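Take a look at the structure below.
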Amino acid sequence: MASLFETIEAYFEQDGWEFRRLPGHQALEMGAAGEHGNYRLIAVVERDHPIVRFLTFVEGKVPEARRREVLEFLTRANYGLLLGNFEFDVNDGEVRFKCSADLEDADLPHAQFENLLLIGLSVMDRYFPGLQRVIQGTADAAAAIEEAEL
């Protein structure tokens with residue numbers, strides 16, 4: 001029986017993704033293009049638990065002067081999300097979206113794999129234009145969220 005990590009790797013291969021293994025981790029990294037931007041995706045399987053995380057990262061870091069406004073934007077975006085959440089590293093300005101599943105005593109069907117992967121990508125892509133405007137200082141957090149959620 002294949003491990004959770006082997007199953008995920010096989011699904012990426014089956015779907016034609018180009019990826020690389022991250023040394024020292026049960027993780028795969030790849031790039032993906034959305035309608036509004038390009039993103040870095042990482043699928044991580046925890047070593048001691050049957051938990052998989054799909055992380056979608058924006059390229060670059062938020063400048064320190066814009067972090068408070070970005071934090072507000074991401075907090076507003078998180079409110080009401082059904083699956084997953086935005087995460088923000090206030091120390092270095094990294095922004096990512098996380099969608100995860102605990103698969104104890106369960107298999108990971110291909111459809112669930114695709115959903116976990118695509119939820120992160122689609123949510124990030126939906127909010128990316130507003131996030132960029134907040135980072136650039138051309139919109140405040142409330143206005144950018146209002147536009148993203150129309």
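Going by the structure tokens order, chains are called A, B, ..., each with residues numbered from 1, while ligands are numbered from 1 in the order shown.
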Among region 25-93 of chain A, which residues does DSSP mark as helix (DSSP H, G or I) when it is run on the backbone? Keep the chain and numbering as in the structure and answer as a VMD selection string. chain A and resid 64 to 78
Considering only C-alpha atoms, tabulate each residue of region 69-108 of chain A that lies at most 10 Å from region 43-52 of chain A along with its nearest interatomic pair and the corresponding distance in Å to one decimal; arrange the rows by chain and ascending residue number and present them as JSON lines.
{"residue": "A:Lys98", "atom": "CA", "partner": "A:Ala43", "partner_atom": "CA", "distance": 9.8}
{"residue": "A:Cys99", "atom": "CA", "partner": "A:Val52", "partner_atom": "CA", "distance": 8.5}
{"residue": "A:Ser100", "atom": "CA", "partner": "A:Val52", "partner_atom": "CA", "distance": 5.5}
{"residue": "A:Ala101", "atom": "CA", "partner": "A:Val52", "partner_atom": "CA", "distance": 5.5}
{"residue": "A:Asp102", "atom": "CA", "partner": "A:Ile51", "partner_atom": "CA", "distance": 4.5}
{"residue": "A:Leu103", "atom": "CA", "partner": "A:Pro50", "partner_atom": "CA", "distance": 5.3}
{"residue": "A:Glu104", "atom": "CA", "partner": "A:Pro50", "partner_atom": "CA", "distance": 5.4}
{"residue": "A:Asp105", "atom": "CA", "partner": "A:Pro50", "partner_atom": "CA", "distance": 8.5}
{"residue": "A:Ala106", "atom": "CA", "partner": "A:Pro50", "partner_atom": "CA", "distance": 8.9}
{"residue": "A:Asp107", "atom": "CA", "partner": "A:Pro50", "partner_atom": "CA", "distance": 9.7}
{"residue": "A:Leu108", "atom": "CA", "partner": "A:Val52", "partner_atom": "CA", "distance": 9.6}
With N, CA and C atoms retained, write the just-selected residues as a short mmCIF file (atom, residue, chain, number, x, y, z; two decimals), in the first residue's frame.
data_model
loop_
_atom_site.label_atom_id
_atom_site.label_comp_id
_atom_site.auth_asym_id
_atom_site.auth_seq_id
_atom_site.Cartn_x
_atom_site.Cartn_y
_atom_site.Cartn_z
N LYS A 98 -3.27 28.30 2.97
CA LYS A 98 -3.15 26.91 3.39
C LYS A 98 -4.49 26.22 3.34
N CYS A 99 -4.50 25.05 2.72
CA CYS A 99 -5.66 24.17 2.74
C CYS A 99 -5.12 22.80 3.16
N SER A 100 -5.71 22.18 4.18
CA SER A 100 -5.14 20.94 4.71
C SER A 100 -6.24 19.93 5.02
N ALA A 101 -5.79 18.68 5.22
CA ALA A 101 -6.72 17.61 5.57
C ALA A 101 -6.03 16.61 6.48
N ASP A 102 -6.76 16.14 7.47
CA ASP A 102 -6.32 15.07 8.35
C ASP A 102 -6.89 13.78 7.76
N LEU A 103 -6.02 12.86 7.37
CA LEU A 103 -6.47 11.66 6.69
C LEU A 103 -6.26 10.39 7.52
N GLU A 104 -6.31 10.54 8.83
CA GLU A 104 -6.18 9.36 9.68
C GLU A 104 -7.33 8.40 9.38
N ASP A 105 -6.98 7.16 9.15
CA ASP A 105 -7.95 6.10 8.83
C ASP A 105 -8.74 6.41 7.55
N ALA A 106 -8.13 7.13 6.64
CA ALA A 106 -8.81 7.46 5.38
C ALA A 106 -7.80 7.49 4.24
N ASP A 107 -8.29 7.23 3.05
CA ASP A 107 -7.48 7.37 1.85
C ASP A 107 -7.66 8.78 1.30
N LEU A 108 -6.81 9.13 0.36
CA LEU A 108 -6.95 10.42 -0.32
C LEU A 108 -7.37 10.15 -1.75
#
Report as a PyMOL selection string: the residues of chain A with a DSSP assignment of strand (DSSP E or B), based on the backbone of this structure. chain A and resi 20-21+27-33+38-45+51-58+85-88+95-102
So, counting only C-alpha atoms, which residue among A:Ala27, A:Leu4, A:Ala32, A:Val134 is closest to Glu72 (chain A)? A:Val134
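The gap separating CA of Thr7 (chain A) from CA of Leu22 (chain A) is 16.3 Å, in Å to one decimal.
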List as CSV every residue of region 42-109 of chain A that is in contact with region 117-120 of chain A, defined as an atom at most 8 Å from one of its atoms (using only C-alpha atoms), together with the nearest atom pair and the distance in Å rounded to one decimal, sorted by chain and then rising number.
residue,atom,partner,partner_atom,distance
A:Phe54,CA,A:Leu117,CA,6.0
A:Leu55,CA,A:Gly120,CA,6.9
A:Thr56,CA,A:Gly120,CA,5.9
A:Leu83,CA,A:Ile119,CA,7.7
A:Gly84,CA,A:Gly120,CA,7.3
A:Phe97,CA,A:Gly120,CA,5.9
A:Lys98,CA,A:Gly120,CA,6.5
A:Cys99,CA,A:Gly120,CA,6.1
Go ahead and save the picked residues with C-alpha atoms, as a compact mmCIF listing (two decimals), in the first residue's frame.
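Dumped everything to selection_5.txt:
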# COMPACT_ATOMS: atom_id res chain seq x y z
CA PHE A 54 -1.32 22.42 0.28
CA LEU A 55 0.36 25.82 0.46
CA THR A 56 0.02 28.51 -2.22
CA LEU A 83 -12.01 25.98 3.52
CA GLY A 84 -8.45 27.04 4.22
CA PHE A 97 -2.81 30.26 1.59
CA LYS A 98 -3.15 26.91 3.39
CA CYS A 99 -5.66 24.17 2.74
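With distances restricted to only C-alpha atoms, A:Phe73 is the closest residue to Pro129 (chain A) from A:Tyr79, A:Phe12, A:Trp17, A:Phe73.
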Contact residues around region 61-69 of chain A with only C-alpha atoms at 9 Å, ignoring same-chain residues under 2 positions, as a ChimeraX atom specification: /A:58-59,71-74,90-95,134-137,140-141
Please provide as a list in words all residues within 7 Å of Phe19 (chain A), with the sequence filter that same-chain residues fewer than 5 positions apart are discarded (counting only C-alpha atoms).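 Surrounding residues, per the criterion: Leu28, Glu29 and Met30 of chain A.
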